[in-house]
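What follows is the content of start.pdb, which has PDB, C-alpha atoms, pLDDT in the B column:
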```pdb
ATOM      1  CA  MET A   1     -44.969  -2.934  -3.954  1.00 51.00           C
ATOM      2  CA  THR A   2     -47.956  -4.181  -1.937  1.00 67.00           C
ATOM      3  CA  GLY A   3     -48.292  -4.251   1.826  1.00 81.00           C
ATOM      4  CA  PRO A   4     -47.117  -1.761   4.425  1.00 93.00           C
ATOM      5  CA  PRO A   5     -43.831   0.059   3.817  1.00 96.00           C
ATOM      6  CA  ILE A   6     -40.590  -1.168   5.325  1.00 97.00           C
ATOM      7  CA  ARG A   7     -39.885   1.101   8.277  1.00 98.00           C
ATOM      8  CA  LEU A   8     -36.232   2.165   8.450  1.00 98.00           C
ATOM      9  CA  LEU A   9     -33.924   3.724  11.014  1.00 98.00           C
ATOM     10  CA  VAL A  10     -30.698   5.152   9.541  1.00 97.00           C
ATOM     11  CA  ALA A  11     -27.521   5.282  11.655  1.00 97.00           C
ATOM     12  CA  ASP A  12     -24.374   7.063  10.456  1.00 96.00           C
ATOM     13  CA  ASP A  13     -22.131   9.654  12.082  1.00 94.00           C
ATOM     14  CA  HIS A  14     -21.478  11.565   8.834  1.00 94.00           C
ATOM     15  CA  PRO A  15     -24.309  14.058   8.172  1.00 95.00           C
ATOM     16  CA  VAL A  16     -23.923  13.917   4.387  1.00 95.00           C
ATOM     17  CA  VAL A  17     -24.064  10.113   4.306  1.00 94.00           C
ATOM     18  CA  ARG A  18     -26.890  10.013   6.841  1.00 95.00           C
ATOM     19  CA  ASP A  19     -28.966  12.537   4.899  1.00 96.00           C
ATOM     20  CA  GLY A  20     -28.147  10.868   1.589  1.00 95.00           C
ATOM     21  CA  LEU A  21     -29.276   7.440   2.754  1.00 96.00           C
ATOM     22  CA  SER A  22     -32.394   8.894   4.346  1.00 96.00           C
ATOM     23  CA  SER A  23     -33.339  10.735   1.148  1.00 96.00           C
ATOM     24  CA  MET A  24     -32.597   7.751  -1.085  1.00 96.00           C
ATOM     25  CA  PHE A  25     -34.759   5.344   0.897  1.00 97.00           C
ATOM     26  CA  ALA A  26     -37.508   7.889   1.573  1.00 96.00           C
ATOM     27  CA  SER A  27     -37.900   8.439  -2.179  1.00 96.00           C
ATOM     28  CA  ALA A  28     -37.904   4.714  -3.004  1.00 96.00           C
ATOM     29  CA  PRO A  29     -41.250   2.886  -3.224  1.00 95.00           C
ATOM     30  CA  GLY A  30     -42.069   0.684  -0.265  1.00 96.00           C
ATOM     31  CA  PHE A  31     -39.899   2.406   2.341  1.00 97.00           C
ATOM     32  CA  GLU A  32     -40.574   4.774   5.216  1.00 97.00           C
ATOM     33  CA  VAL A  33     -37.643   6.433   7.010  1.00 97.00           C
ATOM     34  CA  LEU A  34     -38.625   6.898  10.640  1.00 97.00           C
ATOM     35  CA  ASP A  35     -35.579   8.791  11.874  1.00 97.00           C
ATOM     36  CA  ALA A  36     -31.778   8.992  11.741  1.00 97.00           C
ATOM     37  CA  ALA A  37     -29.111   8.660  14.416  1.00 96.00           C
ATOM     38  CA  SER A  38     -25.463   9.707  14.620  1.00 95.00           C
ATOM     39  CA  ASP A  39     -24.224   7.253  17.264  1.00 95.00           C
ATOM     40  CA  GLY A  40     -24.985   3.842  18.714  1.00 95.00           C
ATOM     41  CA  ALA A  41     -26.651   5.101  21.881  1.00 96.00           C
ATOM     42  CA  ALA A  42     -29.167   7.090  19.828  1.00 97.00           C
ATOM     43  CA  VAL A  43     -29.801   4.023  17.650  1.00 97.00           C
ATOM     44  CA  VAL A  44     -30.658   1.903  20.670  1.00 97.00           C
ATOM     45  CA  ARG A  45     -32.943   4.577  22.108  1.00 97.00           C
ATOM     46  CA  LEU A  46     -34.760   5.255  18.834  1.00 98.00           C
ATOM     47  CA  ALA A  47     -35.088   1.569  17.976  1.00 97.00           C
ATOM     48  CA  GLN A  48     -36.895   0.954  21.256  1.00 97.00           C
ATOM     49  CA  GLN A  49     -39.183   3.942  20.714  1.00 97.00           C
ATOM     50  CA  LEU A  50     -39.955   3.586  17.003  1.00 97.00           C
ATOM     51  CA  ARG A  51     -39.669  -0.200  16.484  1.00 97.00           C
ATOM     52  CA  PRO A  52     -38.334  -0.089  12.894  1.00 98.00           C
ATOM     53  CA  ASP A  53     -38.298  -3.143  10.655  1.00 98.00           C
ATOM     54  CA  VAL A  54     -34.704  -2.556   9.524  1.00 97.00           C
ATOM     55  CA  ILE A  55     -31.816  -0.534  10.946  1.00 98.00           C
ATOM     56  CA  LEU A  56     -29.167   0.642   8.470  1.00 97.00           C
ATOM     57  CA  MET A  57     -26.138   0.567  10.757  1.00 96.00           C
ATOM     58  CA  ASP A  58     -22.745   2.187  10.310  1.00 94.00           C
ATOM     59  CA  LEU A  59     -19.974   0.534  12.340  1.00 91.00           C
ATOM     60  CA  ARG A  60     -17.537   3.369  13.045  1.00 90.00           C
ATOM     61  CA  MET A  61     -19.408   5.909  15.159  1.00 93.00           C
ATOM     62  CA  PRO A  62     -18.346   7.962  18.198  1.00 91.00           C
ATOM     63  CA  GLY A  63     -19.263   6.842  21.694  1.00 91.00           C
ATOM     64  CA  MET A  64     -21.163   3.584  21.322  1.00 92.00           C
ATOM     65  CA  ASP A  65     -20.126   2.221  17.920  1.00 92.00           C
ATOM     66  CA  GLY A  66     -22.233   0.109  15.582  1.00 93.00           C
ATOM     67  CA  LEU A  67     -21.015  -3.243  16.872  1.00 92.00           C
ATOM     68  CA  ALA A  68     -21.765  -2.313  20.486  1.00 93.00           C
ATOM     69  CA  ALA A  69     -25.198  -1.099  19.393  1.00 95.00           C
ATOM     70  CA  ILE A  70     -25.935  -4.412  17.639  1.00 94.00           C
ATOM     71  CA  ILE A  71     -24.979  -6.310  20.791  1.00 93.00           C
ATOM     72  CA  GLU A  72     -27.118  -4.032  22.983  1.00 94.00           C
ATOM     73  CA  LEU A  73     -30.122  -4.297  20.650  1.00 95.00           C
ATOM     74  CA  ALA A  74     -29.912  -8.086  20.836  1.00 92.00           C
ATOM     75  CA  ARG A  75     -29.617  -7.956  24.625  1.00 92.00           C
ATOM     76  CA  LEU A  76     -32.727  -5.787  24.842  1.00 94.00           C
ATOM     77  CA  GLY A  77     -34.691  -8.096  22.542  1.00 93.00           C
ATOM     78  CA  VAL A  78     -35.213  -5.488  19.808  1.00 95.00           C
ATOM     79  CA  THR A  79     -36.572  -7.394  16.819  1.00 94.00           C
ATOM     80  CA  ALA A  80     -35.447  -4.993  14.085  1.00 96.00           C
ATOM     81  CA  ARG A  81     -33.168  -6.511  11.461  1.00 96.00           C
ATOM     82  CA  VAL A  82     -29.758  -4.849  11.318  1.00 96.00           C
ATOM     83  CA  LEU A  83     -28.213  -4.256   7.906  1.00 96.00           C
ATOM     84  CA  VAL A  84     -24.652  -3.004   8.281  1.00 94.00           C
ATOM     85  CA  LEU A  85     -23.677  -0.317   5.769  1.00 92.00           C
ATOM     86  CA  THR A  86     -20.006   0.563   6.030  1.00 87.00           C
ATOM     87  CA  THR A  87     -16.866   1.295   4.048  1.00 86.00           C
ATOM     88  CA  TYR A  88     -14.909  -1.466   5.819  1.00 76.00           C
ATOM     89  CA  ASP A  89     -14.874  -5.121   4.756  1.00 70.00           C
ATOM     90  CA  SER A  90     -11.989  -6.538   6.810  1.00 72.00           C
ATOM     91  CA  ASP A  91     -12.406  -9.729   8.845  1.00 63.00           C
ATOM     92  CA  THR A  92     -12.124  -7.735  12.067  1.00 71.00           C
ATOM     93  CA  ASP A  93     -15.202  -5.723  11.041  1.00 78.00           C
ATOM     94  CA  VAL A  94     -17.317  -8.299   9.204  1.00 81.00           C
ATOM     95  CA  LEU A  95     -17.177 -11.326  11.485  1.00 79.00           C
ATOM     96  CA  PRO A  96     -17.924  -9.617  14.832  1.00 85.00           C
ATOM     97  CA  ALA A  97     -20.908  -7.794  13.299  1.00 87.00           C
ATOM     98  CA  ILE A  98     -22.392 -10.970  11.876  1.00 84.00           C
ATOM     99  CA  GLU A  99     -21.691 -12.937  15.055  1.00 83.00           C
ATOM    100  CA  ALA A 100     -23.369 -10.187  17.075  1.00 87.00           C
ATOM    101  CA  GLY A 101     -26.579 -10.641  15.079  1.00 89.00           C
ATOM    102  CA  ALA A 102     -26.441  -8.447  11.969  1.00 92.00           C
ATOM    103  CA  THR A 103     -28.715  -9.800   9.236  1.00 92.00           C
ATOM    104  CA  GLY A 104     -26.564  -8.395   6.448  1.00 90.00           C
ATOM    105  CA  TYR A 105     -23.411  -6.522   5.552  1.00 92.00           C
ATOM    106  CA  LEU A 106     -23.163  -4.207   2.555  1.00 92.00           C
ATOM    107  CA  LEU A 107     -20.619  -1.590   1.554  1.00 89.00           C
ATOM    108  CA  LYS A 108     -21.624   2.040   1.176  1.00 88.00           C
ATOM    109  CA  ASP A 109     -20.318   2.165  -2.382  1.00 88.00           C
ATOM    110  CA  SER A 110     -22.793  -0.530  -3.438  1.00 89.00           C
ATOM    111  CA  PRO A 111     -25.136   0.495  -6.284  1.00 91.00           C
ATOM    112  CA  ARG A 112     -28.443   2.064  -5.255  1.00 93.00           C
ATOM    113  CA  GLU A 113     -30.498  -0.924  -6.412  1.00 94.00           C
ATOM    114  CA  GLU A 114     -28.285  -3.305  -4.438  1.00 93.00           C
ATOM    115  CA  LEU A 115     -28.866  -1.263  -1.275  1.00 94.00           C
ATOM    116  CA  LEU A 116     -32.617  -1.249  -1.853  1.00 96.00           C
ATOM    117  CA  ARG A 117     -32.699  -4.991  -2.553  1.00 94.00           C
ATOM    118  CA  GLY A 118     -30.554  -5.583   0.531  1.00 94.00           C
ATOM    119  CA  ALA A 119     -32.924  -3.652   2.779  1.00 96.00           C
ATOM    120  CA  ARG A 120     -35.938  -5.531   1.385  1.00 96.00           C
ATOM    121  CA  ALA A 121     -34.193  -8.865   1.894  1.00 94.00           C
ATOM    122  CA  ALA A 122     -33.150  -7.916   5.429  1.00 95.00           C
ATOM    123  CA  ALA A 123     -36.756  -7.022   6.250  1.00 95.00           C
ATOM    124  CA  ARG A 124     -37.703 -10.565   5.208  1.00 94.00           C
ATOM    125  CA  GLY A 125     -35.020 -11.943   7.514  1.00 91.00           C
ATOM    126  CA  GLU A 126     -32.751 -13.034   4.670  1.00 92.00           C
ATOM    127  CA  SER A 127     -28.970 -12.806   4.928  1.00 89.00           C
ATOM    128  CA  VAL A 128     -27.452 -10.087   2.761  1.00 89.00           C
ATOM    129  CA  LEU A 129     -23.752  -9.911   1.943  1.00 88.00           C
ATOM    130  CA  SER A 130     -21.832  -7.797  -0.529  1.00 85.00           C
ATOM    131  CA  PRO A 131     -19.723  -9.886  -2.960  1.00 81.00           C
ATOM    132  CA  SER A 132     -16.423  -8.924  -1.310  1.00 76.00           C
ATOM    133  CA  VAL A 133     -17.735  -9.808   2.143  1.00 76.00           C
ATOM    134  CA  ALA A 134     -19.126 -13.133   0.918  1.00 78.00           C
ATOM    135  CA  ALA A 135     -15.760 -13.950  -0.641  1.00 75.00           C
ATOM    136  CA  ARG A 136     -13.956 -13.190   2.634  1.00 70.00           C
ATOM    137  CA  LEU A 137     -16.259 -15.480   4.583  1.00 72.00           C
ATOM    138  CA  MET A 138     -15.847 -18.291   2.053  1.00 72.00           C
ATOM    139  CA  ASN A 139     -12.070 -17.968   2.147  1.00 68.00           C
ATOM    140  CA  ARG A 140     -12.119 -18.075   5.935  1.00 64.00           C
ATOM    141  CA  MET A 141     -14.246 -21.228   5.911  1.00 62.00           C
ATOM    142  CA  ARG A 142     -11.881 -22.912   3.450  1.00 61.00           C
ATOM    143  CA  ALA A 143      -8.757 -21.964   5.407  1.00 55.00           C
ATOM    144  CA  PRO A 144      -7.167 -24.659   7.571  1.00 52.00           C
ATOM    145  CA  ALA A 145      -8.393 -24.592  11.148  1.00 50.00           C
ATOM    146  CA  PRO A 146      -5.925 -22.850  13.478  1.00 51.00           C
ATOM    147  CA  GLN A 147      -3.910 -25.109  15.744  1.00 55.00           C
ATOM    148  CA  LEU A 148      -5.610 -25.765  19.047  1.00 75.00           C
ATOM    149  CA  LEU A 149      -4.071 -24.329  22.168  1.00 86.00           C
ATOM    150  CA  SER A 150      -1.703 -26.389  24.296  1.00 87.00           C
ATOM    151  CA  PRO A 151      -2.762 -27.326  27.851  1.00 88.00           C
ATOM    152  CA  ARG A 152      -0.465 -24.643  29.287  1.00 91.00           C
ATOM    153  CA  GLU A 153      -1.800 -22.009  26.897  1.00 92.00           C
ATOM    154  CA  LEU A 154      -5.338 -22.926  27.936  1.00 91.00           C
ATOM    155  CA  GLU A 155      -4.350 -22.533  31.584  1.00 93.00           C
ATOM    156  CA  VAL A 156      -2.956 -19.075  30.878  1.00 94.00           C
ATOM    157  CA  LEU A 157      -6.050 -18.040  28.922  1.00 93.00           C
ATOM    158  CA  GLU A 158      -8.396 -19.348  31.607  1.00 93.00           C
ATOM    159  CA  LEU A 159      -6.629 -17.192  34.194  1.00 95.00           C
ATOM    160  CA  VAL A 160      -6.735 -14.177  31.883  1.00 94.00           C
ATOM    161  CA  ALA A 161     -10.452 -14.777  31.279  1.00 92.00           C
ATOM    162  CA  ALA A 162     -10.962 -14.835  35.052  1.00 92.00           C
ATOM    163  CA  GLY A 163      -9.427 -11.351  35.289  1.00 92.00           C
ATOM    164  CA  ASN A 164      -5.879 -12.181  36.355  1.00 95.00           C
ATOM    165  CA  THR A 165      -3.003  -9.950  35.256  1.00 95.00           C
ATOM    166  CA  ASN A 166       0.085 -11.424  33.645  1.00 95.00           C
ATOM    167  CA  ARG A 167       1.900 -11.226  36.979  1.00 95.00           C
ATOM    168  CA  GLU A 168      -0.949 -12.928  38.857  1.00 95.00           C
ATOM    169  CA  ALA A 169      -1.147 -15.682  36.249  1.00 94.00           C
ATOM    170  CA  ALA A 170       2.615 -16.227  36.540  1.00 94.00           C
ATOM    171  CA  VAL A 171       2.381 -16.595  40.313  1.00 94.00           C
ATOM    172  CA  ARG A 172      -0.479 -19.068  40.115  1.00 94.00           C
ATOM    173  CA  LEU A 173       1.244 -21.188  37.457  1.00 93.00           C
ATOM    174  CA  PHE A 174       4.722 -20.938  39.064  1.00 93.00           C
ATOM    175  CA  ILE A 175       6.250 -19.502  35.886  1.00 93.00           C
ATOM    176  CA  THR A 176       7.775 -16.133  35.028  1.00 92.00           C
ATOM    177  CA  GLU A 177       5.785 -13.185  33.799  1.00 92.00           C
ATOM    178  CA  ALA A 178       7.847 -13.253  30.593  1.00 91.00           C
ATOM    179  CA  THR A 179       6.727 -16.840  30.008  1.00 92.00           C
ATOM    180  CA  VAL A 180       3.092 -15.794  30.421  1.00 93.00           C
ATOM    181  CA  LYS A 181       3.612 -13.049  27.828  1.00 93.00           C
ATOM    182  CA  SER A 182       5.204 -15.571  25.479  1.00 92.00           C
ATOM    183  CA  HIS A 183       2.237 -17.923  25.869  1.00 93.00           C
ATOM    184  CA  LEU A 184      -0.154 -15.058  25.173  1.00 94.00           C
ATOM    185  CA  LEU A 185       1.664 -14.133  21.960  1.00 93.00           C
ATOM    186  CA  ASN A 186       1.379 -17.748  20.821  1.00 90.00           C
ATOM    187  CA  ILE A 187      -2.312 -17.730  21.697  1.00 92.00           C
ATOM    188  CA  TYR A 188      -2.896 -14.555  19.669  1.00 92.00           C
ATOM    189  CA  THR A 189      -1.217 -16.116  16.648  1.00 89.00           C
ATOM    190  CA  LYS A 190      -3.163 -19.364  16.872  1.00 87.00           C
ATOM    191  CA  LEU A 191      -6.519 -17.642  17.326  1.00 88.00           C
ATOM    192  CA  GLY A 192      -5.837 -14.895  14.785  1.00 88.00           C
ATOM    193  CA  VAL A 193      -6.353 -12.019  17.233  1.00 91.00           C
ATOM    194  CA  ASN A 194      -4.319  -9.059  18.471  1.00 92.00           C
ATOM    195  CA  ASP A 195      -5.049  -8.673  22.180  1.00 93.00           C
ATOM    196  CA  ARG A 196      -6.100 -10.539  25.319  1.00 92.00           C
ATOM    197  CA  ALA A 197      -9.741  -9.436  25.246  1.00 91.00           C
ATOM    198  CA  ALA A 198     -10.144 -10.647  21.674  1.00 92.00           C
ATOM    199  CA  ALA A 199      -8.367 -13.904  22.557  1.00 92.00           C
ATOM    200  CA  VAL A 200     -10.792 -14.601  25.387  1.00 91.00           C
ATOM    201  CA  THR A 201     -13.806 -13.798  23.182  1.00 91.00           C
ATOM    202  CA  GLU A 202     -12.530 -15.990  20.351  1.00 89.00           C
ATOM    203  CA  ALA A 203     -11.783 -18.858  22.736  1.00 88.00           C
ATOM    204  CA  PHE A 204     -15.336 -18.755  24.083  1.00 87.00           C
ATOM    205  CA  ASN A 205     -16.731 -18.590  20.535  1.00 86.00           C
ATOM    206  CA  ARG A 206     -14.749 -21.695  19.568  1.00 82.00           C
ATOM    207  CA  GLY A 207     -15.677 -23.590  22.696  1.00 83.00           C
ATOM    208  CA  LEU A 208     -12.091 -23.657  23.977  1.00 86.00           C
ATOM    209  CA  LEU A 209     -13.234 -21.907  27.138  1.00 84.00           C
ATOM    210  CA  VAL A 210     -16.479 -22.676  28.947  1.00 74.00           C
ATOM    211  CA  PRO A 211     -18.311 -19.967  30.931  1.00 67.00           C
ATOM    212  CA  ARG A 212     -18.240 -20.623  34.660  1.00 56.00           C
ATOM    213  CA  THR A 213     -21.499 -21.197  36.441  1.00 45.00           C
ATOM    214  CA  PRO A 214     -22.304 -19.178  39.598  1.00 45.00           C
ATOM    215  CA  GLY A 215     -20.452 -20.568  42.588  1.00 47.00           C
ATOM    216  CA  GLN A 216     -18.016 -22.528  40.440  1.00 48.00           C
ATOM    217  CA  PRO A 217     -14.395 -22.078  41.636  1.00 47.00           C
TER     218      PRO A 217
END
```
Go ahead and express the file in the form of structure tokens.
Amino acid sequence: MTGPPIRLLVADDHPVVRDGLSSMFASAPGFEVLDAASDGAAVVRLAQQLRPDVILMDLRMPGMDGLAAIIELARLGVTARVLVLTTYDSDTDVLPAIEAGATGYLLKDSPREELLRGARAAARGESVLSPSVAARLMNRMRAPAPQLLSPRELEVLELVAAGNTNREAAVRLFITEATVKSHLLNIYTKLGVNDRAAAVTEAFNRGLLVPRTPGQP
């Protein structure tokens, strides 16, 4: 391989996995492993110091997890490509990571050559997805769009997004707290989420809610 080596930062909370990935990439032509981290906070700190080309990011880590680290790296303007390496391929893991800015998503049980190819592709800015993850995304795209929220459900979600409790939302809408809870359950089902925070995030992502500008009531 010609040109400078691809500079890697490895992030995984399991020492055996972390050391294994570091050794595998360090011994492969065209790679240089700069350092390894065991949690998201260390990833963010090291990425700013070392400026790697690619970060191999685990998602489930103590303290700041991988997803939070991806979001923070994007906020700080770190240009390193993030290639998620994890054992989880559920929608709740895949989609948030990709939406947060991950360049690719591979599973840890992928063959060695697939991991090496994935890291090279990520360094070039190309999207990298394991076959199972790609299939999940395709199935999600082909699925019928969830039903849009009713006007009342949007009112409830807007109040929740503004920080109101169920009781406060009920008072403002002149309905019972039980009715607010019922609306929220319907919202969760329609948006395919499990809690109020995820519902608000999903609604913003879909354009159902619009961020308020400063000074807007």
Subject >> 12 Å contact set for Thr201 in chain A, only C-alpha atoms, chain neighbours under 6 positions out, as a ChimeraX atom specification >> reply: /A:96,99-100,157-158,160-161,188,191-195,207-211
Report the centre and edge lengths, in Å to one decimal, of an axis-aligned box enclosing every atom of range 67-80 of chain A listed in the file, padded by 5 Å on each side, as lines of an AutoDock Vina configuration file.
```
center_x = -28.8
center_y = -4.6
center_z = 19.5
size_x = 25.6
size_y = 17.0
size_z = 20.8
```
Original post:
So which residues get picked by the PyMOL selection byres ((chain A and resi 56-60) around 8) here, written as a list in words?
Top reply: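 This file, filtered by the PyMOL selection byres ((chain A and resi 56-60) around 8), leaves Leu8, Leu9, Val10, Ala11, Asp12, Asp13, Val54, Ile55, Met61, Pro62, Asp65, Gly66, Leu67, Val82, Leu83, Val84, Leu85, Thr86 and Asp93 of chain A.
With all atoms listed in the file as the atoms that count, the minimum distance from Ala97 in chain A to the choices A:Glu114, A:Ala69, A:Thr79, A:Gly3 is reached by A:Ala69.
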Original post:
Nearest to Thr87 in chain A: which of A:Leu73, A:Val17, A:Ala41, A:Ala102 is it, counting all atoms listed in the file?
Top reply: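 Closest residue, counting all atoms listed in the file: A:Val17.
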**OP:** Go through the shown structure with the PyMOL selection byres ((chain A and resi 109) around 12) and write out the matching residues as a list of chain:residue names.
**Re:**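 When the PyMOL selection byres ((chain A and resi 109) around 12) is applied, the selected residues are A:Val17, A:Leu21, A:Leu85, A:Thr86, A:Thr87, A:Tyr88, A:Asp89, A:Leu106, A:Leu107, A:Lys108, A:Ser110, A:Pro111, A:Arg112, A:Glu113, A:Glu114, A:Leu115, A:Ser130, A:Ser132.
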Original post:
Closest to Val133 in chain A among A:Gly104, A:Gly63, A:Gly118, A:Pro151, using only C-alpha atoms?
Top reply: A:Gly104
Original post:
Pick from A:Ile6, A:Gly20, A:Val78, A:Ser150: nearest to Arg45 in chain A, with only C-alpha atoms counted?
Top reply: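 The shortest atom-to-atom distance to Arg45 in chain A comes from A:Val78.
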Original post:
Out of A:Ile98, A:Val156, A:Ala121, A:Met64, which residue has the shortest atom-to-atom distance to Glu168 in chain A when counting all atoms listed in the file?
Top reply: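 Using all atoms listed in the file, Glu168 in chain A sits closest to A:Val156.
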Original post:
In Å to one decimal, how far is CA of Ala74 in chain A from CA of Ser38 in chain A?
Top reply: 19.4 Å
Original post:
Of the residues A:Ala26, A:Ala197, A:Val180, A:Ile71, which is the one nearest to Gly163 in chain A, using only C-alpha atoms?
Top reply: A:Ala197
Subject >> Atom pair CA of Leu76 in chain A / CA of Asp53 in chain A: separation (Å) >> reply: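 Going from CA of Leu76 in chain A over to CA of Asp53 in chain A covers 15.5 Å.
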